[in-house]
file protein.cif (mmCIF, C-alpha atoms and all ligand atoms)
data_work
loop_
_atom_site.label_atom_id
_atom_site.label_comp_id
_atom_site.auth_asym_id
_atom_site.auth_seq_id
_atom_site.Cartn_x
_atom_site.Cartn_y
_atom_site.Cartn_z
CA MET B 1 -18.17 -8.25 -19.14
CA LYS B 2 -21.85 -7.56 -18.56
CA ILE B 3 -23.89 -10.34 -17.04
CA LYS B 4 -27.40 -10.94 -18.09
CA ILE B 5 -29.76 -11.68 -15.23
CA MET B 6 -32.51 -13.98 -16.39
CA SER B 7 -34.20 -14.35 -13.06
CA ILE B 8 -34.43 -12.51 -9.81
CA ILE B 9 -31.29 -12.91 -7.82
CA SER B 10 -31.91 -15.46 -5.15
CA ASP B 11 -30.27 -15.09 -1.84
CA ASP B 12 -30.53 -18.73 -0.97
CA SER B 13 -27.28 -19.38 0.71
CA THR B 14 -27.14 -23.13 0.69
CA ASP B 15 -23.90 -23.09 -1.27
CA PHE B 16 -21.89 -21.52 1.46
CA LYS B 17 -21.73 -21.69 5.15
CA LYS B 18 -21.19 -18.84 7.49
CA VAL B 19 -18.60 -19.76 10.05
CA ASP B 20 -19.20 -18.08 13.33
CA ILE B 21 -15.57 -17.81 14.22
CA ASN B 22 -16.42 -15.14 16.79
CA SER B 23 -18.46 -17.50 18.87
CA LYS B 24 -17.03 -17.75 22.35
CA ASN B 25 -20.20 -18.90 24.03
CA PRO B 26 -19.77 -22.42 25.39
CA VAL B 27 -23.50 -22.71 25.97
CA THR B 28 -24.56 -22.20 22.36
CA LYS B 29 -21.52 -23.98 20.90
CA PRO B 30 -20.35 -26.63 23.34
CA GLU B 31 -16.96 -27.75 22.16
CA THR B 32 -17.46 -31.47 22.70
CA LEU B 33 -20.68 -31.49 20.69
CA ASP B 34 -19.08 -29.46 17.92
CA CYS B 35 -16.05 -31.78 17.95
CA ASP B 36 -18.24 -34.82 17.47
CA ARG B 37 -20.05 -33.25 14.54
CA ASN B 38 -17.32 -31.18 12.98
CA PHE B 39 -13.89 -32.17 14.14
CA GLU B 40 -11.94 -29.79 11.88
CA ASN B 41 -13.91 -26.72 12.94
CA CYS B 42 -13.63 -27.64 16.58
CA ILE B 43 -9.84 -27.76 16.63
CA ARG B 44 -9.28 -24.82 14.27
CA PRO B 45 -7.11 -22.19 15.95
CA LYS B 46 -8.75 -18.78 16.02
CA SER B 47 -5.76 -16.55 16.74
CA PHE B 48 -2.23 -16.13 15.37
CA ASP B 49 -0.86 -17.28 18.72
CA ALA B 50 -2.78 -20.54 18.55
CA TYR B 51 -1.94 -21.03 14.86
CA ILE B 52 1.27 -23.07 14.74
CA GLY B 53 3.80 -22.81 11.87
CA GLN B 54 3.96 -20.55 8.78
CA SER B 55 5.79 -18.05 10.98
CA ALA B 56 7.09 -15.75 8.20
CA LEU B 57 3.64 -15.58 6.66
CA LYS B 58 2.02 -14.89 10.04
CA GLU B 59 4.38 -11.96 10.68
CA THR B 60 3.61 -10.43 7.28
CA LEU B 61 -0.11 -10.89 7.79
CA LYS B 62 -0.04 -9.29 11.24
CA ILE B 63 1.52 -6.16 9.72
CA THR B 64 -0.93 -6.14 6.81
CA ILE B 65 -3.84 -6.43 9.23
CA ALA B 66 -2.50 -3.73 11.56
CA ALA B 67 -2.02 -1.37 8.59
CA ALA B 68 -5.53 -2.03 7.25
CA LYS B 69 -6.98 -1.36 10.70
CA LYS B 70 -5.02 1.91 11.03
CA ARG B 71 -6.30 3.03 7.65
CA GLU B 72 -9.77 1.82 8.58
CA GLN B 73 -9.89 0.02 5.25
CA PRO B 74 -10.67 -3.60 4.42
CA LEU B 75 -7.68 -5.81 3.68
CA ASP B 76 -6.45 -6.16 0.12
CA HIS B 77 -7.60 -9.31 -1.63
CA LEU B 78 -5.41 -12.25 -0.64
CA LEU B 79 -4.47 -15.45 -2.44
CA PHE B 80 -3.10 -18.45 -0.53
CA TYR B 81 -1.64 -21.34 -2.45
CA GLY B 82 0.00 -24.61 -1.53
CA PRO B 83 -0.78 -28.30 -1.05
CA PRO B 84 -4.06 -29.30 0.63
CA GLY B 85 -4.33 -29.54 4.40
CA LEU B 86 -1.77 -26.85 5.30
CA GLY B 87 -4.30 -24.48 6.87
CA LYS B 88 -5.44 -22.03 4.18
CA THR B 89 -9.05 -21.97 5.40
CA THR B 90 -7.89 -21.85 9.00
CA LEU B 91 -5.67 -18.88 8.29
CA ALA B 92 -8.54 -17.06 6.57
CA GLY B 93 -10.61 -17.61 9.73
CA VAL B 94 -7.81 -16.23 11.90
CA ILE B 95 -7.58 -13.14 9.67
CA ALA B 96 -11.34 -12.54 9.96
CA GLU B 97 -11.10 -12.91 13.72
CA GLN B 98 -8.22 -10.42 13.90
CA MET B 99 -10.06 -7.96 11.64
CA GLY B 100 -13.21 -8.44 13.73
CA VAL B 101 -15.34 -9.27 10.69
CA GLU B 102 -17.51 -12.12 9.47
CA ILE B 103 -16.25 -14.63 6.94
CA LYS B 104 -18.34 -16.37 4.32
CA ILE B 105 -16.85 -19.58 3.04
CA THR B 106 -17.55 -21.20 -0.28
CA SER B 107 -15.68 -23.15 -2.91
CA ALA B 108 -15.45 -22.57 -6.65
CA PRO B 109 -17.27 -25.77 -7.72
CA ALA B 110 -20.32 -24.52 -5.72
CA LEU B 111 -20.43 -21.35 -7.82
CA GLU B 112 -21.69 -22.98 -10.96
CA ARG B 113 -24.39 -20.49 -12.01
CA PRO B 114 -23.93 -16.71 -12.27
CA ARG B 115 -26.56 -16.22 -9.60
CA ASP B 116 -24.52 -18.25 -7.11
CA ILE B 117 -21.64 -15.79 -7.10
CA ILE B 118 -23.94 -12.76 -7.51
CA GLY B 119 -26.04 -13.91 -4.55
CA ILE B 120 -22.98 -14.22 -2.34
CA LEU B 121 -21.49 -10.89 -3.42
CA MET B 122 -24.78 -9.11 -2.78
CA SER B 123 -25.08 -10.65 0.66
CA LEU B 124 -21.74 -9.25 1.83
CA GLN B 125 -21.58 -6.46 4.39
CA GLY B 126 -18.83 -3.83 4.38
CA GLY B 127 -15.44 -5.20 5.44
CA GLU B 128 -16.54 -8.84 5.37
CA ILE B 129 -14.35 -11.58 4.02
CA LEU B 130 -15.41 -13.88 1.22
CA PHE B 131 -13.32 -17.05 1.14
CA ILE B 132 -13.33 -19.06 -2.09
CA ASP B 133 -11.60 -22.41 -1.90
CA GLU B 134 -10.22 -24.14 -5.01
CA ILE B 135 -10.45 -20.80 -6.76
CA HIS B 136 -8.60 -22.17 -9.81
CA ARG B 137 -11.80 -24.11 -10.58
CA LEU B 138 -13.96 -20.99 -10.98
CA ASN B 139 -15.74 -20.93 -14.33
CA LYS B 140 -15.20 -18.11 -16.82
CA VAL B 141 -18.55 -16.41 -16.19
CA ALA B 142 -18.11 -16.37 -12.40
CA GLU B 143 -14.55 -15.13 -12.86
CA GLU B 144 -15.71 -12.23 -15.02
CA ILE B 145 -18.37 -11.28 -12.49
CA LEU B 146 -15.60 -11.15 -9.90
CA TYR B 147 -13.28 -8.80 -11.83
CA PRO B 148 -15.23 -5.52 -11.35
CA ALA B 149 -16.37 -6.70 -7.93
CA MET B 150 -12.77 -7.13 -6.80
CA GLU B 151 -11.39 -4.08 -8.54
CA ASP B 152 -14.05 -1.40 -8.15
CA PHE B 153 -16.64 -3.05 -5.87
CA PHE B 154 -19.34 -3.09 -8.54
CA LEU B 155 -21.49 -5.73 -10.16
CA ASP B 156 -21.92 -5.09 -13.88
CA MET B 157 -25.17 -6.52 -15.14
CA THR B 158 -27.67 -6.23 -17.98
CA THR B 159 -31.42 -6.76 -17.82
CA GLY B 160 -34.04 -7.08 -20.53
CA LYS B 161 -33.72 -8.49 -24.03
CA ALA B 162 -32.27 -7.32 -27.36
CA GLN B 163 -33.35 -3.68 -28.00
CA THR B 164 -34.62 -3.12 -24.46
CA VAL B 165 -31.39 -4.20 -22.84
CA LYS B 166 -30.31 -2.04 -19.91
CA THR B 167 -26.96 -1.91 -18.23
CA LEU B 168 -26.75 -1.77 -14.47
CA ARG B 169 -23.79 -1.06 -12.23
CA ILE B 170 -24.68 -2.20 -8.76
CA PRO B 171 -22.36 -0.94 -6.04
CA LEU B 172 -21.10 -3.49 -3.53
CA PRO B 173 -19.74 -2.85 -0.06
CA LYS B 174 -15.97 -2.99 0.16
CA PHE B 175 -15.05 -6.57 0.98
CA THR B 176 -11.95 -8.74 1.00
CA LEU B 177 -11.71 -11.81 -1.16
CA ILE B 178 -9.44 -14.57 0.11
CA GLY B 179 -8.83 -17.18 -2.55
CA ALA B 180 -7.21 -20.53 -1.86
CA THR B 181 -5.75 -22.89 -4.39
CA THR B 182 -3.56 -25.94 -4.62
CA LYS B 183 -2.62 -24.87 -8.13
CA ALA B 184 -1.57 -21.25 -8.43
CA GLY B 185 -0.43 -21.93 -11.98
CA ALA B 186 -3.96 -22.89 -13.04
CA LEU B 187 -5.34 -19.46 -12.13
CA SER B 188 -5.94 -17.16 -15.06
CA GLY B 189 -3.56 -14.18 -15.29
CA PRO B 190 -6.31 -11.53 -14.93
CA LEU B 191 -7.69 -13.18 -11.78
CA ARG B 192 -4.25 -13.63 -10.22
CA ASP B 193 -3.40 -9.98 -10.95
CA ARG B 194 -6.39 -8.78 -8.94
CA PHE B 195 -5.00 -10.17 -5.69
CA GLY B 196 -2.94 -7.57 -3.84
CA ILE B 197 -1.26 -10.16 -1.64
CA ILE B 198 -0.16 -13.63 -2.73
CA HIS B 199 1.35 -16.14 -0.31
CA ARG B 200 2.50 -19.73 -0.46
CA LEU B 201 1.93 -22.02 2.51
CA GLU B 202 4.83 -24.35 3.32
CA PHE B 203 4.89 -27.91 4.63
CA TYR B 204 5.31 -28.06 8.41
CA THR B 205 8.41 -29.31 10.24
CA ASP B 206 8.16 -32.27 12.62
CA ASP B 207 8.57 -29.88 15.57
CA GLU B 208 5.64 -27.77 14.38
CA LEU B 209 3.50 -30.83 13.73
CA ALA B 210 4.29 -32.23 17.17
CA GLN B 211 2.95 -28.97 18.62
CA VAL B 212 -0.19 -29.30 16.46
CA VAL B 213 -0.62 -32.89 17.68
CA LYS B 214 -0.26 -31.91 21.34
CA ARG B 215 -2.67 -29.00 20.94
CA THR B 216 -5.30 -31.21 19.28
CA ALA B 217 -4.85 -33.97 21.85
CA GLY B 218 -5.31 -31.34 24.58
CA ILE B 219 -8.59 -30.10 23.05
CA LEU B 220 -9.87 -33.66 22.65
CA ASN B 221 -8.75 -34.69 26.15
CA ILE B 222 -6.38 -37.33 24.82
CA ASP B 223 -3.42 -38.38 26.95
CA ILE B 224 -0.19 -38.17 24.95
CA ASP B 225 3.50 -37.82 25.74
CA GLU B 226 6.32 -36.13 23.83
CA GLY B 227 7.44 -39.36 22.12
CA GLY B 228 3.91 -40.14 21.01
CA ALA B 229 3.44 -36.63 19.60
CA TYR B 230 6.68 -36.84 17.61
CA ALA B 231 5.88 -40.33 16.34
CA ILE B 232 2.60 -39.05 14.89
CA ALA B 233 4.20 -35.81 13.63
CA SER B 234 6.96 -37.60 11.75
CA ARG B 235 4.46 -39.67 9.77
CA SER B 236 2.08 -36.80 8.94
CA ARG B 237 3.65 -35.71 5.63
CA GLY B 238 4.27 -32.15 6.81
CA THR B 239 0.50 -31.62 6.92
CA PRO B 240 -1.51 -30.60 10.02
CA ARG B 241 -4.77 -31.97 8.61
CA ILE B 242 -3.16 -35.42 8.39
CA ALA B 243 -1.59 -35.05 11.85
CA ASN B 244 -4.98 -34.20 13.34
CA ARG B 245 -6.65 -37.19 11.70
CA LEU B 246 -3.91 -39.50 12.90
CA VAL B 247 -4.30 -38.23 16.47
CA LYS B 248 -7.87 -39.55 16.46
CA ARG B 249 -6.99 -42.87 14.85
CA VAL B 250 -4.04 -43.47 17.17
CA ALA B 251 -6.18 -42.48 20.18
CA ASP B 252 -8.69 -45.21 19.20
CA PHE B 253 -5.86 -47.69 19.02
CA ALA B 254 -4.44 -46.55 22.38
CA LEU B 255 -7.84 -46.93 23.99
CA VAL B 256 -8.46 -50.43 22.70
CA LYS B 257 -4.95 -51.93 22.63
CA ALA B 258 -3.14 -50.00 25.38
CA ASP B 259 -4.06 -48.07 28.52
CA GLY B 260 -5.41 -45.07 26.60
CA LYS B 261 -2.16 -43.08 26.60
CA ILE B 262 -0.38 -42.31 23.34
CA THR B 263 3.30 -43.06 23.79
CA LYS B 264 5.94 -43.56 21.11
CA PRO B 265 5.58 -47.39 20.94
CA VAL B 266 1.78 -47.16 20.96
CA ALA B 267 1.79 -44.56 18.17
CA ASN B 268 4.32 -46.51 16.08
CA ASP B 269 2.34 -49.70 16.51
CA ALA B 270 -0.91 -47.97 15.53
CA LEU B 271 0.63 -46.28 12.50
CA ASP B 272 2.22 -49.54 11.33
CA THR B 273 -1.21 -51.18 11.62
CA LEU B 274 -2.70 -48.32 9.58
CA LYS B 275 0.03 -49.03 6.98
CA ILE B 276 1.47 -45.56 7.26
CA ASP B 277 5.22 -45.92 6.91
CA LYS B 278 8.13 -44.03 8.47
CA CYS B 279 7.93 -41.33 5.77
CA GLY B 280 4.16 -40.97 6.22
CA LEU B 281 3.41 -42.71 2.92
CA ASP B 282 0.21 -44.72 2.69
CA THR B 283 -0.63 -47.62 0.38
CA THR B 284 -1.62 -45.29 -2.49
CA ASP B 285 1.69 -43.41 -2.34
CA ARG B 286 3.71 -46.60 -2.20
CA GLY B 287 1.56 -48.11 -4.97
CA LEU B 288 2.36 -45.14 -7.19
CA LEU B 289 6.11 -45.36 -6.61
CA LYS B 290 6.18 -49.16 -6.97
CA LEU B 291 4.21 -48.98 -10.20
CA ILE B 292 6.72 -46.56 -11.72
CA ILE B 293 9.64 -48.72 -10.56
CA GLU B 294 8.29 -52.13 -11.47
CA LYS B 295 6.32 -51.41 -14.64
CA TYR B 296 8.00 -48.34 -16.08
CA ASN B 297 11.64 -48.81 -15.17
CA GLY B 298 11.55 -45.88 -12.76
CA GLY B 299 9.93 -43.56 -15.32
CA PRO B 300 9.37 -41.14 -16.90
CA VAL B 301 5.72 -42.05 -17.35
CA GLY B 302 2.66 -39.86 -17.91
CA ILE B 303 0.31 -39.11 -15.01
CA GLU B 304 -2.75 -40.27 -16.98
CA THR B 305 -1.16 -43.68 -17.50
CA LEU B 306 -0.40 -43.94 -13.79
CA ALA B 307 -3.90 -42.85 -12.79
CA ALA B 308 -5.48 -45.42 -15.12
CA ALA B 309 -3.22 -48.21 -13.87
CA LEU B 310 -3.96 -47.39 -10.22
CA GLY B 311 -7.67 -46.74 -10.77
CA GLU B 312 -7.20 -43.28 -9.24
CA ASP B 313 -8.30 -39.87 -10.35
CA VAL B 314 -5.56 -37.77 -12.03
CA ARG B 315 -6.52 -34.83 -9.81
CA THR B 316 -6.13 -36.91 -6.62
CA LEU B 317 -2.68 -38.03 -7.69
CA GLU B 318 -1.64 -34.49 -8.69
CA ASP B 319 -3.16 -32.62 -5.75
CA VAL B 320 -2.98 -35.09 -2.89
CA CYS B 321 -0.21 -37.65 -3.49
CA GLU B 322 2.37 -35.84 -5.57
CA PRO B 323 3.12 -32.64 -3.63
CA TYR B 324 4.56 -34.52 -0.67
CA LEU B 325 6.35 -37.13 -2.77
CA LEU B 326 8.02 -34.29 -4.69
CA GLN B 327 8.88 -32.42 -1.50
CA ALA B 328 10.25 -35.58 0.13
CA GLY B 329 12.53 -36.10 -2.89
CA LEU B 330 10.95 -39.44 -3.80
CA LEU B 331 9.43 -38.34 -7.11
CA GLN B 332 10.42 -35.98 -9.90
CA ARG B 333 8.33 -34.22 -12.52
CA THR B 334 9.99 -34.10 -15.93
CA PRO B 335 8.66 -32.84 -19.28
CA ARG B 336 8.22 -36.50 -20.27
CA GLY B 337 6.37 -37.57 -17.13
CA ARG B 338 6.98 -38.72 -13.56
CA LYS B 339 10.23 -40.37 -12.46
CA VAL B 340 11.14 -41.89 -9.12
CA THR B 341 14.41 -40.97 -7.43
CA GLN B 342 17.11 -43.15 -5.93
CA SER B 343 15.68 -42.30 -2.48
CA ALA B 344 12.38 -43.89 -3.54
CA TYR B 345 14.17 -47.14 -4.44
CA GLU B 346 15.96 -47.06 -1.10
CA HIS B 347 12.85 -46.18 0.89
CA LEU B 348 10.85 -49.02 -0.63
CA GLY B 349 13.65 -51.51 -0.01
CA TYR B 350 14.79 -52.08 -3.59
CA LYS B 351 18.34 -53.06 -2.81
CA ASN B 352 20.26 -51.67 -5.74
CA TYR B 353 19.04 -48.70 -7.72
CA THR B 354 21.58 -49.08 -10.56
CA ALA B 355 21.00 -52.81 -10.81
CA GLN B 356 17.24 -52.22 -11.02
CA GLN B 357 17.82 -49.61 -13.71
CA ASN B 358 19.99 -52.03 -15.73
CA LEU B 359 17.51 -54.84 -15.31
CA PHE B 360 14.99 -53.18 -17.61
N1 LIG B 401 -4.76 -27.36 13.13
C1 LIG B 401 -4.65 -27.32 11.80
N2 LIG B 401 -3.72 -26.43 11.44
C2 LIG B 401 -3.22 -25.91 12.57
C3 LIG B 401 -2.21 -24.96 12.84
N3 LIG B 401 -1.52 -24.38 11.88
N4 LIG B 401 -1.98 -24.66 14.13
C4 LIG B 401 -2.66 -25.26 15.10
N5 LIG B 401 -3.59 -26.17 14.91
C5 LIG B 401 -3.87 -26.51 13.65
#

call {"tool": "encode", "arguments": {"input": "protein.cif", "output": "structure tokens"}}
result
Amino acid sequence: MKIKIMSIISDDSTDFKKVDINSKNPVTKPETLDCDRNFENCIRPKSFDAYIGQSALKETLKITIAAAKKREQPLDHLLFYGPPGLGKTTLAGVIAEQMGVEIKITSAPALERPRDIIGILMSLQGGEILFIDEIHRLNKVAEEILYPAMEDFFLDMTTGKAQTVKTLRIPLPKFTLIGATTKAGALSGPLRDRFGIIHRLEFYTDDELAQVVKRTAGILNIDIDEGGAYAIASRSRGTPRIANRLVKRVADFALVKADGKITKPVANDALDTLKIDKCGLDTTDRGLLKLIIEKYNGGPVGIETLAAALGEDVRTLEDVCEPYLLQAGLLQRTPRGRKVTQSAYEHLGYKNYTAQQNLF
């Protein structure tokens, strides 16, 4: 598709930020200051060794990177999919670091106008990585600008009006697109087909999350023991982003209510106070399951109905709550809607699953 440029391409880059993942200078980027302002960036691992979990994926990526370096070619375009908080952006940063290139990070909702995506593509230098988060939300026009850019490294554009229309093919430097999505199925076929490498990120084990917790606590100078790390890990829903947030919350609790050290009893106490249960479910998760049990006889019930009843956004339920509930075997998706499992009844303390079923 040819894109008509109505105005001069602007290179204002307010829609994306350039992450200086190469920065190793403690004077210009003091870690404590950065941690106060941007906690996630501060604790982001920058090498495969520091990146915990996803071991099979890491091994494959190391080989892909080594091969690209040997060929002196940019990496193929990569697509990462999986639930939020598993480290897709972090992994893209590690890849850029290993390739020794810059990464430009944006997200599909920020690429509303054609000039947004054109501006970013034209600002890329050879070999650089463009990371687009939530890539399933890219609009049709932006997607069609990306096709020739990804495939042949060209921007196809038209200028002028009606009879005076001119076609332009603007060459782009060879770059790598890394797309991230929580919904691989929502990506259009043509876009998906243009990624040479497609990988799914998996939920983390408790052992892996305990390592993440200890690493984060170390960076933030928080005193924690093995029991404390596992207590936080086991309630973090297989998700490092959640584990990292809980480290901070539990550290606050330890500071105020204990002697500052995170031990197993301190962590459990803090997490109970935060209403995060043994499975890592919060009040929204439990509200969802209870609603299905108490009002809809365990389901099936449509997601829109549930969202309306809970006053939640459908997307939040689908993207944030559901993936872990499905993985934990507490919820099922059926063609007729969502259903809770026997484990959900047991977890929430409903004594007798069959009796509850017969009750309705
Ligand atoms: N923080 C967030 N994700 C991480 C990971 N995979 N390894 C180490 N620290 C992390």

call {"tool": "closest_atom_pairs", "arguments": {"input": "protein.cif", "of": "chain B", "to": "ligand LIG 401 (chain B)", "cutoff": "9 Å", "atoms": "all atoms listed in the file", "output": "Markdown table"}}
result
| residue | atom | partner | partner_atom | distance |
| --- | --- | --- | --- | --- |
| B:Glu40 | CA | B:LIG401 | N1 | 7.7 |
| B:Ile43 | CA | B:LIG401 | N1 | 6.2 |
| B:Arg44 | CA | B:LIG401 | N1 | 5.3 |
| B:Pro45 | CA | B:LIG401 | N5 | 5.4 |
| B:Lys46 | CA | B:LIG401 | C4 | 8.9 |
| B:Phe48 | CA | B:LIG401 | N4 | 8.6 |
| B:Asp49 | CA | B:LIG401 | N4 | 8.8 |
| B:Ala50 | CA | B:LIG401 | C4 | 5.8 |
| B:Tyr51 | CA | B:LIG401 | N4 | 3.7 |
| B:Ile52 | CA | B:LIG401 | N4 | 3.7 |
| B:Gly53 | CA | B:LIG401 | N3 | 5.5 |
| B:Gln54 | CA | B:LIG401 | N3 | 7.4 |
| B:Gly85 | CA | B:LIG401 | N2 | 7.7 |
| B:Leu86 | CA | B:LIG401 | N2 | 6.5 |
| B:Gly87 | CA | B:LIG401 | N2 | 5.0 |
| B:Lys88 | CA | B:LIG401 | N2 | 8.7 |
| B:Thr90 | CA | B:LIG401 | N2 | 6.7 |
| B:Leu91 | CA | B:LIG401 | N3 | 7.8 |
| B:Tyr204 | CA | B:LIG401 | N3 | 8.5 |
| B:Glu208 | CA | B:LIG401 | N4 | 8.2 |
| B:Leu209 | CA | B:LIG401 | C3 | 8.2 |
| B:Gln211 | CA | B:LIG401 | C4 | 7.6 |
| B:Val212 | CA | B:LIG401 | N5 | 4.9 |
| B:Val213 | CA | B:LIG401 | N5 | 7.9 |
| B:Arg215 | CA | B:LIG401 | N5 | 6.7 |
| B:Thr216 | CA | B:LIG401 | N5 | 6.9 |
| B:Thr239 | CA | B:LIG401 | N2 | 8.1 |
| B:Pro240 | CA | B:LIG401 | C1 | 4.9 |
| B:Arg241 | CA | B:LIG401 | C1 | 5.6 |
| B:Ile242 | CA | B:LIG401 | C1 | 8.9 |
| B:Ala243 | CA | B:LIG401 | C1 | 8.3 |
| B:Asn244 | CA | B:LIG401 | N1 | 6.8 |

call {"tool": "closest_residue", "arguments": {"input": "protein.cif", "among": "B:Thr273, B:Thr176, B:Ser234, B:Ser55", "to": "Phe131 in chain B", "atoms": "only C-alpha atoms"}}
result
B:Thr176

call {"tool": "closest_residue", "arguments": {"input": "protein.cif", "among": "B:Ala162, B:Leu168, B:Leu121, B:Leu310", "to": "Thr283 in chain B", "atoms": "all atoms listed in the file"}}
result
B:Leu310

call {"tool": "closest_residue", "arguments": {"input": "protein.cif", "among": "B:Pro84, B:Tyr350, B:Lys278, B:Arg71", "to": "Glu322 in chain B", "atoms": "all atoms listed in the file"}}
result
B:Pro84

call {"tool": "atom_distance", "arguments": {"input": "protein.cif", "atom1": "CA of Leu271 in chain B", "atom2": "CA of Ala251 in chain B"}}
result
10.9 Å

call {"tool": "residues_near_point", "arguments": {"input": "protein.cif", "point": "(4.7, -32.5, -1.6)", "cutoff": "12 Å", "atoms": "only C-alpha atoms", "output": "count of residues only"}}
result
35

call {"tool": "atom_distance", "arguments": {"input": "protein.cif", "atom1": "CA of Arg137 in chain B", "atom2": "CA of Thr89 in chain B"}}
result
16.4 Å

call {"tool": "residues_around", "arguments": {"input": "protein.cif", "residues": "Asp225 in chain B", "least_positions_apart": "3", "cutoff": "9 Å", "atoms": "only C-alpha atoms", "output": "PDB file with C-alpha atoms, keeping the file's coordinate frame"}}
result
ATOM      1  CA  LYS B 214      -0.260 -31.910  21.340  1.00  0.00           C
ATOM      2  CA  GLY B 228       3.910 -40.140  21.010  1.00  0.00           C
ATOM      3  CA  ALA B 229       3.440 -36.630  19.600  1.00  0.00           C
ATOM      4  CA  TYR B 230       6.680 -36.840  17.610  1.00  0.00           C
ATOM      5  CA  LYS B 261      -2.160 -43.080  26.600  1.00  0.00           C
ATOM      6  CA  ILE B 262      -0.380 -42.310  23.340  1.00  0.00           C
ATOM      7  CA  THR B 263       3.300 -43.060  23.790  1.00  0.00           C
ATOM      8  CA  LYS B 264       5.940 -43.560  21.110  1.00  0.00           C
TER       9      LYS B 264
END

call {"tool": "residues_around", "arguments": {"input": "protein.cif", "residues": "Val141 in chain B", "least_positions_apart": "2", "cutoff": "12 Å", "atoms": "all atoms listed in the file", "output": "ChimeraX atom specification"}}
result
/B:1-4,108,111-118,137-139,143-147,157

call {"tool": "atom_distance", "arguments": {"input": "protein.cif", "atom1": "CA of Ile198 in chain B", "atom2": "CA of Leu78 in chain B"}}
result
5.8 Å

call {"tool": "closest_residue", "arguments": {"input": "protein.cif", "among": "B:Ser188, B:Thr205, B:Thr181, B:Asn221", "to": "Leu79 in chain B", "atoms": "all atoms listed in the file"}}
result
B:Thr181

call {"tool": "residues_around", "arguments": {"input": "protein.cif", "residues": "Leu306 in chain B", "least_positions_apart": "4", "cutoff": "12 Å", "atoms": "only C-alpha atoms", "output": "ChimeraX atom specification"}}
result
/B:284-285,287-293,295-296,299-302,310-318,322,337-339

call {"tool": "axis_aligned_box", "arguments": {"input": "protein.cif", "around": "range 193-207 of chain B", "padding_each_side": "8 Å", "output": "JSON"}}
result
{"center_x": 1.1, "center_y": -19.9, "center_z": 2.3, "size_x": 31.0, "size_y": 40.7, "size_z": 42.5}

call {"tool": "closest_residue", "arguments": {"input": "protein.cif", "among": "B:Leu348, B:Ile120, B:Ile170, B:His199", "to": "Ala56 in chain B", "atoms": "all atoms listed in the file"}}
result
B:His199

call {"tool": "residues_around", "arguments": {"input": "protein.cif", "residues": "range 62-70 of chain B", "least_positions_apart": "3", "cutoff": "9 Å", "atoms": "only C-alpha atoms", "output": "CSV table (one decimal) with C-alpha atoms, in the coordinates of the input"}}
result
chain,number,residue,atom,x,y,z
B,48,PHE,CA,-2.2,-16.1,15.4
B,57,LEU,CA,3.6,-15.6,6.7
B,58,LYS,CA,2.0,-14.9,10.0
B,59,GLU,CA,4.4,-12.0,10.7
B,73,GLN,CA,-9.9,0.0,5.2
B,74,PRO,CA,-10.7,-3.6,4.4
B,75,LEU,CA,-7.7,-5.8,3.7
B,76,ASP,CA,-6.4,-6.2,0.1
B,95,ILE,CA,-7.6,-13.1,9.7
B,98,GLN,CA,-8.2,-10.4,13.9
B,99,MET,CA,-10.1,-8.0,11.6

call {"tool": "residues_around", "arguments": {"input": "protein.cif", "residues": "Gly185 in chain B", "least_positions_apart": "6", "cutoff": "10 Å", "atoms": "all atoms listed in the file", "output": "list in words"}}
result
Tyr81, His136 and Arg192 of chain B

call {"tool": "write_last_selection", "arguments": {"input": "protein.cif", "atoms": "C-alpha atoms", "output": "PDB file, in the coordinates of the input"}}
result
ATOM      1  CA  TYR B  81      -1.640 -21.340  -2.450  1.00  0.00           C
ATOM      2  CA  HIS B 136      -8.600 -22.170  -9.810  1.00  0.00           C
ATOM      3  CA  ARG B 192      -4.250 -13.630 -10.220  1.00  0.00           C
TER       4      ARG B 192
END
